[in-house]
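Q: My structure is stored as target_15.cif, with mmCIF, C-alpha atoms.
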data_protein
loop_
_atom_site.group_PDB
_atom_site.id
_atom_site.type_symbol
_atom_site.label_atom_id
_atom_site.label_comp_id
_atom_site.auth_asym_id
_atom_site.auth_seq_id
_atom_site.Cartn_x
_atom_site.Cartn_y
_atom_site.Cartn_z
ATOM 1 C CA MET J 1 0.000 0.000 0.000
ATOM 2 C CA ALA J 2 1.322 3.456 -0.895
ATOM 3 C CA GLN J 3 2.348 5.672 1.993
ATOM 4 C CA PRO J 4 0.278 8.812 2.521
ATOM 5 C CA PRO J 5 2.094 11.947 1.307
ATOM 6 C CA PRO J 6 4.041 13.788 4.003
ATOM 7 C CA ASP J 7 3.306 17.178 5.513
ATOM 8 C CA PRO J 8 5.660 20.066 4.727
ATOM 9 C CA HIS J 9 8.948 20.002 6.610
ATOM 10 C CA PHE J 10 8.105 23.625 7.498
ATOM 11 C CA VAL J 11 6.220 26.592 6.025
ATOM 12 C CA LEU J 12 7.473 30.150 5.491
ATOM 13 C CA ARG J 13 4.865 32.865 5.974
ATOM 14 C CA GLY J 14 5.158 36.620 5.786
ATOM 15 C CA THR J 15 5.485 37.587 2.120
ATOM 16 C CA SER J 16 2.002 39.242 2.270
ATOM 17 C CA ALA J 17 1.614 38.461 -1.446
ATOM 18 C CA ALA J 18 1.561 35.621 -3.945
ATOM 19 C CA VAL J 19 4.984 33.994 -4.389
ATOM 20 C CA HIS J 20 6.111 33.707 -8.020
ATOM 21 C CA ALA J 21 9.831 32.872 -7.872
ATOM 22 C CA LEU J 22 12.170 30.836 -5.657
ATOM 23 C CA ARG J 23 15.920 30.259 -5.609
ATOM 24 C CA PHE J 24 17.986 28.373 -3.013
ATOM 25 C CA SER J 25 21.573 29.109 -2.078
ATOM 26 C CA CYS J 26 22.661 26.294 0.228
ATOM 27 C CA GLY J 27 25.896 25.080 -1.316
ATOM 28 C CA GLY J 28 28.247 27.200 0.808
ATOM 29 C CA GLU J 29 30.725 25.795 3.306
ATOM 30 C CA GLU J 30 29.831 25.747 7.018
ATOM 31 C CA PRO J 31 29.104 28.008 8.866
ATOM 32 C CA ALA J 32 27.365 29.623 5.869
ATOM 33 C CA VAL J 33 23.633 29.809 6.533
ATOM 34 C CA PRO J 34 21.413 28.136 3.905
ATOM 35 C CA ILE J 35 19.264 30.756 2.165
ATOM 36 C CA LEU J 36 16.085 30.764 0.115
ATOM 37 C CA PHE J 37 15.244 33.801 -2.012
ATOM 38 C CA SER J 38 11.573 34.365 -2.846
ATOM 39 C CA GLY J 39 10.038 36.845 -5.269
ATOM 40 C CA SER J 40 6.516 38.149 -4.678
ATOM 41 C CA GLU J 41 3.693 39.773 -6.570
ATOM 42 C CA ASN J 42 4.114 42.953 -4.494
ATOM 43 C CA GLY J 43 7.628 43.488 -5.899
ATOM 44 C CA PHE J 44 9.570 42.357 -2.840
ATOM 45 C CA ILE J 45 12.337 39.765 -2.720
ATOM 46 C CA HIS J 46 12.652 38.067 0.661
ATOM 47 C CA VAL J 47 15.898 36.518 1.846
ATOM 48 C CA TRP J 48 14.888 33.601 4.078
ATOM 49 C CA ASN J 49 17.248 32.132 6.653
ATOM 50 C CA LEU J 50 16.544 28.384 6.536
ATOM 51 C CA LYS J 51 17.953 27.841 10.040
ATOM 52 C CA THR J 52 15.677 30.364 11.787
ATOM 53 C CA HIS J 53 12.852 30.197 9.170
ATOM 54 C CA ARG J 54 12.744 33.991 9.269
ATOM 55 C CA VAL J 55 13.387 36.805 6.802
ATOM 56 C CA ASP J 56 16.939 38.190 7.006
ATOM 57 C CA ALA J 57 16.280 40.968 4.473
ATOM 58 C CA ALA J 58 13.554 42.300 2.178
ATOM 59 C CA LEU J 59 14.742 43.758 -1.123
ATOM 60 C CA ASP J 60 12.663 46.370 -2.910
ATOM 61 C CA GLY J 61 13.914 47.091 -6.435
ATOM 62 C CA HIS J 62 11.041 46.536 -8.842
ATOM 63 C CA GLY J 63 8.701 49.427 -8.112
ATOM 64 C CA ARG J 64 6.169 47.149 -6.387
ATOM 65 C CA LYS J 65 5.712 45.165 -9.602
ATOM 66 C CA SER J 66 5.664 41.364 -9.426
ATOM 67 C CA VAL J 67 9.038 39.551 -9.282
ATOM 68 C CA TYR J 68 8.825 36.343 -11.300
ATOM 69 C CA TRP J 69 12.418 35.096 -11.807
ATOM 70 C CA LEU J 70 15.431 34.835 -9.490
ATOM 71 C CA GLU J 71 18.900 33.423 -10.122
ATOM 72 C CA THR J 72 22.180 33.541 -8.233
ATOM 73 C CA MET J 73 25.581 34.223 -9.798
ATOM 74 C CA ASP J 74 28.234 32.175 -7.970
ATOM 75 C CA GLY J 75 26.726 31.968 -4.496
ATOM 76 C CA LYS J 76 24.340 34.091 -2.517
ATOM 77 C CA ASP J 77 26.150 37.459 -2.697
ATOM 78 C CA ARG J 78 25.023 38.218 -6.257
ATOM 79 C CA LEU J 79 21.401 37.832 -7.234
ATOM 80 C CA LEU J 80 19.514 38.507 -10.460
ATOM 81 C CA SER J 81 15.820 39.359 -10.234
ATOM 82 C CA GLN J 82 13.283 39.962 -12.983
ATOM 83 C CA GLY J 83 10.075 41.926 -12.494
ATOM 84 C CA ARG J 84 6.984 43.127 -14.299
ATOM 85 C CA ASP J 85 8.583 46.592 -14.330
ATOM 86 C CA GLN J 86 10.488 45.262 -17.389
ATOM 87 C CA ARG J 87 13.759 45.276 -15.462
ATOM 88 C CA ILE J 88 16.287 42.639 -14.530
ATOM 89 C CA CYS J 89 18.291 43.790 -11.509
ATOM 90 C CA LEU J 90 21.696 42.625 -10.309
ATOM 91 C CA TRP J 91 21.949 42.797 -6.514
ATOM 92 C CA ASP J 92 25.069 43.025 -4.395
ATOM 93 C CA LEU J 93 24.235 41.239 -1.139
ATOM 94 C CA ALA J 94 27.767 40.748 0.220
ATOM 95 C CA GLU J 95 28.537 41.855 3.798
ATOM 96 C CA GLY J 96 24.940 42.805 4.513
ATOM 97 C CA ARG J 97 24.556 45.125 1.514
ATOM 98 C CA THR J 98 21.208 45.260 -0.294
ATOM 99 C CA SER J 99 21.944 47.391 -3.336
ATOM 100 C CA VAL J 100 21.136 47.108 -7.042
ATOM 101 C CA THR J 101 24.475 47.522 -8.818
ATOM 102 C CA ASP J 102 23.258 47.113 -12.389
ATOM 103 C CA SER J 103 20.094 46.493 -14.366
ATOM 104 C CA VAL J 104 18.870 45.554 -17.829
ATOM 105 C CA PHE J 105 15.737 47.082 -19.310
ATOM 106 C CA THR J 106 14.033 44.189 -21.141
ATOM 107 C CA GLU J 107 11.341 46.245 -22.908
ATOM 108 C CA ASN J 108 9.231 43.097 -22.765
ATOM 109 C CA VAL J 109 5.725 43.215 -21.333
ATOM 110 C CA GLY J 110 5.205 39.444 -20.980
ATOM 111 C CA PHE J 111 6.045 37.182 -18.072
ATOM 112 C CA CYS J 112 8.610 34.874 -19.681
ATOM 113 C CA ARG J 113 11.243 33.907 -17.110
ATOM 114 C CA SER J 114 14.797 34.538 -18.245
ATOM 115 C CA SER J 115 17.554 31.909 -18.212
ATOM 116 C CA LEU J 116 21.174 32.138 -17.050
ATOM 117 C CA LEU J 117 24.133 29.939 -18.005
ATOM 118 C CA LYS J 118 27.680 30.184 -16.707
ATOM 119 C CA VAL J 119 30.012 29.727 -19.692
ATOM 120 C CA ALA J 120 33.373 30.592 -18.108
ATOM 121 C CA GLN J 121 34.789 31.943 -14.866
ATOM 122 C CA GLY J 122 33.150 35.334 -14.372
ATOM 123 C CA ARG J 123 31.173 35.097 -17.621
ATOM 124 C CA TRP J 124 27.504 34.249 -18.116
ATOM 125 C CA LEU J 125 24.925 34.213 -20.865
ATOM 126 C CA MET J 126 21.403 35.437 -20.143
ATOM 127 C CA ALA J 127 18.435 34.793 -22.432
ATOM 128 C CA MET J 128 15.326 36.945 -22.102
ATOM 129 C CA ALA J 129 12.184 37.668 -24.071
ATOM 130 C CA GLY J 130 12.901 40.571 -26.416
ATOM 131 C CA LYS J 131 11.195 43.800 -27.329
ATOM 132 C CA ALA J 132 9.402 42.488 -30.433
ATOM 133 C CA LEU J 133 6.643 39.934 -29.854
ATOM 134 C CA GLU J 134 8.418 36.727 -30.933
ATOM 135 C CA GLU J 135 12.035 37.713 -30.187
ATOM 136 C CA VAL J 136 14.496 36.315 -27.683
ATOM 137 C CA GLN J 137 17.513 38.425 -26.760
ATOM 138 C CA VAL J 138 20.759 36.835 -25.492
ATOM 139 C CA LEU J 139 23.246 38.983 -23.562
ATOM 140 C CA GLU J 140 26.637 38.311 -22.060
ATOM 141 C CA LEU J 141 27.022 39.228 -18.379
ATOM 142 C CA PRO J 142 28.420 41.154 -16.625
ATOM 143 C CA SER J 143 29.285 43.203 -19.761
ATOM 144 C CA LYS J 144 25.641 43.288 -21.030
ATOM 145 C CA THR J 145 26.966 42.877 -24.590
ATOM 146 C CA SER J 146 24.376 41.580 -27.031
ATOM 147 C CA VAL J 147 25.246 38.074 -28.266
ATOM 148 C CA CYS J 148 22.287 37.580 -30.607
ATOM 149 C CA THR J 149 18.625 38.293 -31.226
ATOM 150 C CA LEU J 150 16.671 35.163 -32.099
ATOM 151 C CA LYS J 151 13.804 35.871 -34.478
ATOM 152 C CA PRO J 152 11.612 33.143 -35.972
ATOM 153 C CA GLU J 153 11.244 33.122 -39.753
ATOM 154 C CA MET J 154 8.547 35.273 -41.351
ATOM 155 C CA GLY J 155 5.101 33.767 -40.938
ATOM 156 C CA ALA J 156 6.154 31.262 -38.267
ATOM 157 C CA LYS J 157 3.279 32.421 -36.006
ATOM 158 C CA LEU J 158 4.835 31.061 -32.802
ATOM 159 C CA GLY J 159 3.521 33.882 -30.643
ATOM 160 C CA MET J 160 5.457 35.045 -27.580
ATOM 161 C CA PRO J 161 8.291 33.086 -25.984
ATOM 162 C CA MET J 162 6.871 31.725 -22.718
ATOM 163 C CA CYS J 163 9.861 29.912 -21.154
ATOM 164 C CA LEU J 164 13.594 29.656 -21.854
ATOM 165 C CA LYS J 165 16.431 27.268 -20.977
ATOM 166 C CA LEU J 166 20.080 27.917 -21.891
ATOM 167 C CA TRP J 167 22.292 24.822 -21.727
ATOM 168 C CA GLN J 168 25.619 23.385 -22.771
ATOM 169 C CA GLY J 169 26.201 19.730 -23.634
ATOM 170 C CA SER J 170 29.704 19.437 -22.253
ATOM 171 C CA CYS J 171 32.278 21.970 -21.206
ATOM 172 C CA GLY J 172 33.556 23.777 -24.265
ATOM 173 C CA SER J 173 30.629 22.823 -26.484
ATOM 174 C CA GLN J 174 28.369 25.470 -28.019
ATOM 175 C CA PRO J 175 25.714 26.906 -25.713
ATOM 176 C CA LEU J 176 22.202 26.307 -27.068
ATOM 177 C CA LEU J 177 18.778 27.648 -26.157
ATOM 178 C CA LEU J 178 15.490 25.797 -25.758
ATOM 179 C CA ALA J 179 12.461 28.074 -25.952
ATOM 180 C CA GLY J 180 8.785 27.271 -25.433
ATOM 181 C CA TYR J 181 6.262 29.440 -27.287
ATOM 182 C CA GLU J 182 2.652 30.552 -27.115
ATOM 183 C CA ASP J 183 1.568 28.190 -29.922
ATOM 184 C CA GLY J 184 2.762 25.091 -27.994
ATOM 185 C CA SER J 185 6.073 24.665 -29.871
ATOM 186 C CA VAL J 186 9.523 24.077 -28.389
ATOM 187 C CA LEU J 187 12.443 25.360 -30.500
ATOM 188 C CA LEU J 188 16.150 24.612 -30.230
ATOM 189 C CA TRP J 189 18.276 27.623 -31.226
ATOM 190 C CA ASN J 190 21.935 27.821 -32.203
ATOM 191 C CA LEU J 191 23.251 31.033 -30.606
ATOM 192 C CA SER J 192 26.270 31.455 -32.879
ATOM 193 C CA THR J 193 24.243 31.353 -36.135
ATOM 194 C CA GLY J 194 20.967 32.683 -34.695
ATOM 195 C CA LYS J 195 19.158 29.860 -36.525
ATOM 196 C CA VAL J 196 16.628 27.245 -35.426
ATOM 197 C CA LEU J 197 18.145 23.742 -35.248
ATOM 198 C CA SER J 198 14.870 21.970 -34.541
ATOM 199 C CA GLN J 199 11.207 22.689 -33.859
ATOM 200 C CA LEU J 200 8.626 20.458 -32.213
ATOM 201 C CA VAL J 201 4.948 20.968 -31.426
ATOM 202 C CA CYS J 202 4.677 19.645 -27.859
ATOM 203 C CA HIS J 203 1.356 21.124 -26.739
ATOM 204 C CA GLN J 204 -1.958 22.433 -28.059
ATOM 205 C CA GLU J 205 -1.699 25.381 -25.665
ATOM 206 C CA PRO J 206 1.123 27.787 -24.640
ATOM 207 C CA VAL J 207 4.204 26.111 -23.127
ATOM 208 C CA MET J 208 4.224 27.427 -19.545
ATOM 209 C CA SER J 209 7.436 25.808 -18.333
ATOM 210 C CA LEU J 210 10.186 23.443 -19.432
ATOM 211 C CA ASP J 211 13.329 21.847 -18.071
ATOM 212 C CA PHE J 212 16.085 19.902 -19.800
ATOM 213 C CA ASP J 213 18.545 17.215 -18.740
ATOM 214 C CA SER J 214 21.601 17.762 -20.944
ATOM 215 C CA GLU J 215 23.244 14.475 -19.823
ATOM 216 C CA LYS J 216 20.333 12.366 -21.074
ATOM 217 C CA ALA J 217 19.460 14.886 -23.840
ATOM 218 C CA LYS J 218 15.870 14.693 -22.620
ATOM 219 C CA GLY J 219 13.436 17.409 -21.623
ATOM 220 C CA ILE J 220 9.962 17.934 -20.240
ATOM 221 C CA SER J 221 7.386 20.673 -20.702
ATOM 222 C CA GLY J 222 4.016 21.609 -19.270
ATOM 223 C CA SER J 223 1.267 23.900 -20.495
ATOM 224 C CA SER J 224 -2.167 25.171 -19.570
ATOM 225 C CA GLU J 225 -3.617 21.808 -20.662
ATOM 226 C CA LYS J 226 -3.646 18.375 -18.973
ATOM 227 C CA VAL J 227 -0.503 16.989 -20.610
ATOM 228 C CA LEU J 228 3.183 16.775 -19.703
ATOM 229 C CA SER J 229 5.292 16.272 -22.815
ATOM 230 C CA ILE J 230 8.609 14.394 -22.612
ATOM 231 C CA TRP J 231 10.919 14.914 -25.579
ATOM 232 C CA SER J 232 14.472 14.098 -26.529
ATOM 233 C CA LEU J 233 17.232 15.444 -28.699
ATOM 234 C CA ASN J 234 19.010 13.032 -31.029
ATOM 235 C CA GLU J 235 22.586 13.162 -32.342
ATOM 236 C CA GLN J 236 21.445 15.233 -35.328
ATOM 237 C CA GLN J 237 20.011 17.802 -32.882
ATOM 238 C CA ASN J 238 16.409 17.014 -33.799
ATOM 239 C CA LEU J 239 13.748 17.229 -31.118
ATOM 240 C CA GLN J 240 11.351 14.271 -30.930
ATOM 241 C CA VAL J 241 8.393 13.575 -28.644
ATOM 242 C CA GLN J 242 9.193 10.521 -26.513
ATOM 243 C CA LYS J 243 5.953 10.253 -24.593
ATOM 244 C CA THR J 244 3.180 12.247 -22.997
ATOM 245 C CA HIS J 245 1.761 11.938 -19.512
ATOM 246 C CA ARG J 246 -1.865 12.838 -18.878
ATOM 247 C CA LEU J 247 -2.550 14.831 -15.715
ATOM 248 C CA VAL J 248 -5.683 14.743 -13.579
ATOM 249 C CA ASN J 249 -6.086 18.529 -13.668
ATOM 250 C CA ALA J 250 -5.049 21.119 -16.238
ATOM 251 C CA GLY J 251 -2.343 23.737 -15.846
ATOM 252 C CA ILE J 252 1.355 23.599 -14.959
ATOM 253 C CA SER J 253 3.090 26.812 -13.834
ATOM 254 C CA ASP J 254 6.569 25.423 -13.293
ATOM 255 C CA ILE J 255 8.631 22.249 -13.807
ATOM 256 C CA THR J 256 12.029 21.500 -12.354
ATOM 257 C CA ILE J 257 14.276 18.437 -12.494
ATOM 258 C CA ARG J 258 16.312 17.866 -9.327
ATOM 259 C CA PRO J 259 20.051 18.442 -9.889
ATOM 260 C CA ASP J 260 20.810 14.707 -9.378
ATOM 261 C CA LYS J 261 18.333 13.910 -12.215
ATOM 262 C CA LYS J 262 16.444 11.343 -10.087
ATOM 263 C CA ILE J 263 13.092 13.113 -9.637
ATOM 264 C CA LEU J 264 11.204 16.161 -10.885
ATOM 265 C CA ALA J 265 8.521 18.398 -9.436
ATOM 266 C CA THR J 266 5.636 20.236 -11.085
ATOM 267 C CA ALA J 267 3.705 23.248 -9.772
ATOM 268 C CA GLY J 268 0.004 22.919 -10.522
ATOM 269 C CA TRP J 269 -2.878 25.289 -11.042
ATOM 270 C CA ASP J 270 -4.824 22.680 -9.013
ATOM 271 C CA HIS J 271 -2.877 23.812 -5.871
ATOM 272 C CA ARG J 272 -0.788 20.611 -5.876
ATOM 273 C CA ILE J 273 2.874 19.759 -6.245
ATOM 274 C CA ARG J 274 3.481 16.498 -8.091
ATOM 275 C CA ILE J 275 6.652 14.432 -7.860
ATOM 276 C CA PHE J 276 7.692 12.029 -10.633
ATOM 277 C CA GLY J 277 10.631 9.713 -11.207
ATOM 278 C CA TRP J 278 12.635 11.226 -14.071
ATOM 279 C CA LYS J 279 13.686 7.957 -15.677
ATOM 280 C CA LYS J 280 10.197 6.691 -16.565
ATOM 281 C CA LEU J 281 7.997 9.556 -15.344
ATOM 282 C CA LYS J 282 6.505 7.311 -12.676
ATOM 283 C CA PRO J 283 4.173 9.339 -10.397
ATOM 284 C CA LEU J 284 5.669 9.202 -6.893
ATOM 285 C CA ALA J 285 3.741 11.690 -4.755
ATOM 286 C CA VAL J 286 1.104 14.399 -4.740
ATOM 287 C CA LEU J 287 1.887 17.076 -2.151
ATOM 288 C CA ASP J 288 -1.358 18.707 -1.158
ATOM 289 C CA TYR J 289 -0.852 21.681 1.132
ATOM 290 C CA HIS J 290 -1.536 24.925 -0.718
ATOM 291 C CA THR J 291 -4.989 26.465 -1.070
ATOM 292 C CA ALA J 292 -4.348 28.236 -4.399
ATOM 293 C CA THR J 293 -2.254 27.961 -7.589
ATOM 294 C CA VAL J 294 1.351 26.889 -7.033
ATOM 295 C CA HIS J 295 3.496 29.254 -9.135
ATOM 296 C CA SER J 296 7.022 28.015 -8.528
ATOM 297 C CA VAL J 297 8.970 24.907 -7.473
ATOM 298 C CA SER J 298 12.693 24.756 -6.735
ATOM 299 C CA PHE J 299 15.135 22.129 -5.413
ATOM 300 C CA SER J 300 17.926 23.118 -3.062
ATOM 301 C CA ASP J 301 21.617 22.908 -3.943
ATOM 302 C CA HIS J 302 22.764 21.323 -0.660
ATOM 303 C CA LYS J 303 25.979 19.350 -1.072
ATOM 304 C CA SER J 304 24.725 16.470 1.088
ATOM 305 C CA PRO J 305 21.746 14.547 -0.401
ATOM 306 C CA SER J 306 20.119 14.055 3.022
ATOM 307 C CA ASP J 307 19.830 17.847 3.453
ATOM 308 C CA ARG J 308 18.074 18.380 0.105
ATOM 309 C CA LEU J 309 14.850 20.359 0.154
ATOM 310 C CA LEU J 310 12.050 21.220 -2.241
ATOM 311 C CA ALA J 311 10.355 24.618 -1.996
ATOM 312 C CA ALA J 312 7.019 25.593 -3.512
ATOM 313 C CA GLY J 313 5.643 29.130 -3.704
ATOM 314 C CA ALA J 314 1.951 29.801 -4.213
ATOM 315 C CA LYS J 315 -0.789 32.339 -4.687
ATOM 316 C CA ASP J 316 -1.844 31.731 -1.040
ATOM 317 C CA HIS J 317 1.218 33.823 0.084
ATOM 318 C CA ARG J 318 2.938 30.734 1.525
ATOM 319 C CA ILE J 319 6.151 28.887 0.770
ATOM 320 C CA SER J 320 6.087 25.197 1.672
ATOM 321 C CA ILE J 321 9.403 23.420 2.283
ATOM 322 C CA TRP J 322 9.557 19.648 1.835
ATOM 323 C CA SER J 323 12.130 17.002 2.624
ATOM 324 C CA ILE J 324 11.339 14.087 0.299
ATOM 325 C CA TYR J 325 13.222 11.341 -1.548
ATOM 326 C CA THR J 326 16.470 12.496 -0.002
ATOM 327 C CA GLN J 327 18.111 9.057 0.018
ATOM 328 C CA THR J 328 20.036 8.571 -3.224
#
Starting from the file, give its structure as structure tokens.

A:
Amino acid sequence: MAQPPPDPHFVLRGTSAAVHALRFSCGGEEPAVPILFSGSENGFIHVWNLKTHRVDAALDGHGRKSVYWLETMDGKDRLLSQGRDQRICLWDLAEGRTSVTDSVFTENVGFCRSSLLKVAQGRWLMAMAGKALEEVQVLELPSKTSVCTLKPEMGAKLGMPMCLKLWQGSCGSQPLLLAGYEDGSVLLWNLSTGKVLSQLVCHQEPVMSLDFDSEKAKGISGSSEKVLSIWSLNEQQNLQVQKTHRLVNAGISDITIRPDKKILATAGWDHRIRIFGWKKLKPLAVLDYHTATVHSVSFSDHKSPSDRLLAAGAKDHRISIWSIYTQT
């Protein structure tokens, strides 16, 4: 008989608004305190101390407009945040500072989360939805130099980019971009030529979220419909649908594969977090705690597997923290 799903390990309250973005920073050496960053609809970013379960700092840099993407750059002292004010901010949080040291004006009115990839020591690529409807802009950081603008061919009718994932096969290989669009397509872009390598219709509805496992060359996407699509990339760099998994309820806000590639989590419009085995997409657990749409799911980057956590942020203003499937 299956075990009943667990309760949250603990719950973080106090954002006073829906939570749209989460990012852990737990990989530091002792006595570094494990941190969770959360981004809220009211424009605040909260820095949660995971030992005390309290807020260490509240960052206000997006003019009270919703924060919907967070990413760290080499540890917890440098944070990127993206808001509905069309800005991506770079924060300096070292030694107790809470200042925005740089920002990028995206000129994009959508809510496509950006993507960051470290390509060398002190050098990153950042992909973001561009100014024109179907465009994706790729910049190098920290220089903010434009690398390329990715525009679909005339008449492609993809609609807006909805989700982005920069990745690199192996060290030294060309960085590539996976992008999910409003028409349900996933495209693989070559950044050096600015051309599409492959295109696949994965959903009937807009692609809301995707994640990709570069080791297995396999990805997963969710949309506003009842289907998870699992697809792979062959040697010729063609995307192919491997299988689909039908969900009980429609709508996936976020999908994330755990860094060890053993399990994945989905954030559902049905208020639930679902856990699957990544190898065969076997349903493992349904975590039922939230009372409204779950917007974001994130796995922690703890070095020790037994410390690993899953965080979920929801419209009910709460962040649930779970300790599940921690044995390797």

Q: Closest to Arg113 of chain J among J:Leu36, J:Thr193, J:Ser296, J:Gly14, using all atoms listed in the file?

A: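 Ranked by minimum distance to Arg113 of chain J, first place goes to J:Ser296.
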
Q: On this file, the PyMOL selection byres ((chain J and resi 139) around 10) gives some set of residues; write that set as a list in words.

A: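 Output from the PyMOL selection byres ((chain J and resi 139) around 10), applied to this file: Val104, Leu116, Trp124, Leu125, Met126, Ala127, Met128, Gln137, Val138, Glu140, Leu141, Pro142, Ser143, Lys144, Thr145, Ser146, Val147, Cys148 and Thr149 of chain J.
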
Q: Rank J:Ser224, J:Asn42, J:Thr266, J:Ser25 by their smallest atom-to-atom distance to His203 of chain J, using only C-alpha atoms, and report the top residue only.

A: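 Closest to His203 of chain J of all the choices is J:Ser224.
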
Q: Expand the PyMOL selection byres ((chain J and resi 159-164) around 10) into the individual residues it matches in the shown file, reporting them as a PyMOL selection string.

A: chain J and resi 110-116+126-130+132-136+152+156-158+165-167+177-187+206-211+221+223+254

Q: Could you tell me how far atom CA of Leu59 of chain J lies from atom CA of Phe44 of chain J, in Å and to one decimal?

A: 5.6 Å

Q: Excluding Ala217 of chain J and any residue of its chain fewer than 2 positions from it, enumerate the residues within 12 Å of it, using all atoms listed in the file, and give them as a list in words.

A: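 Neighbouring residues, sequence-local ones excluded: Trp167, Gln168, Gly169, Ser170, Leu178, Asp211, Phe212, Asp213, Ser214, Glu215, Gly219, Ile220, Ile230, Trp231, Ser232, Leu233, Asn234, Glu235, Gln236, Gln237, Asn238, Leu239, Gln240, Gln242 and Lys261 of chain J.
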
Q: Could you list the residues chosen by the PyMOL selection byres ((chain J and resi 91-96) around 12) in this structure as an MDAnalysis selection string?

A: chainID J and resid 37 45 47 56:62 70:82 88:90 97:103

Q: (6.0, 19.6, -11.9) in this file's frame - what residues fall within 12 Å of it? Use all atoms listed in the file and give the answer as an NGL selection string.

A: :J and (208-211 or 220-223 or 227-229 or 245 or 247 or 250-258 or 263-278 or 281 or 283-287 or 294-299 or 310-312)

Q: Would you pick out the contacts of Pro34 of chain J at 8 Å or less, using all atoms listed in the file, so that residues sharing its chain but fewer than 4 positions from it are not included, and give the list as a ChimeraX atom specification?

A: /J:24-28,49-51

Q: Residues at most 12 Å from His317 of chain J, counting all atoms listed in the file, excluding those fewer than 2 positions away in the same chain, as a list in words?

A: Val11, Leu12, Arg13, Gly14, Thr15, Ser16, Ala17, Ala18, Val19, His20, Ala21, Ser38, Gly39, Ser40, Glu41, Asn42, His290, Thr291, Ala292, Thr293, Val294, His295, Ser296, Ala312, Gly313, Ala314, Lys315, Ile319 and Ser320 of chain J

Q: With distances taken over only C-alpha atoms, which residue among J:Phe10, J:Val201, J:Arg308, J:Pro4 lies nearest Leu188 of chain J?

A: J:Val201

Q: Rounded to one decimal place, report the atom CA of Cys202 of chain J-atom CA of Val241 of chain J distance in Å.

A: 7.2 Å

Q: Once 6 Å is added on each side, what are the centre and the three edge lengths, in Å to one decimal, of the axis-aligned box enclosing the listed atoms of segment 16-22 of chain J? Present them as AutoDock Vina command-line options.

A:
--center_x 6.9 --center_y 35.0 --center_z -2.9 --size_x 22.6 --size_y 20.4 --size_z 22.3

Q: Separation of atom CA of Val248 of chain J and atom CA of Gln327 of chain J, in Å?

A: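 Between atom CA of Val248 of chain J and atom CA of Gln327 of chain J the gap is 28.0 Å.
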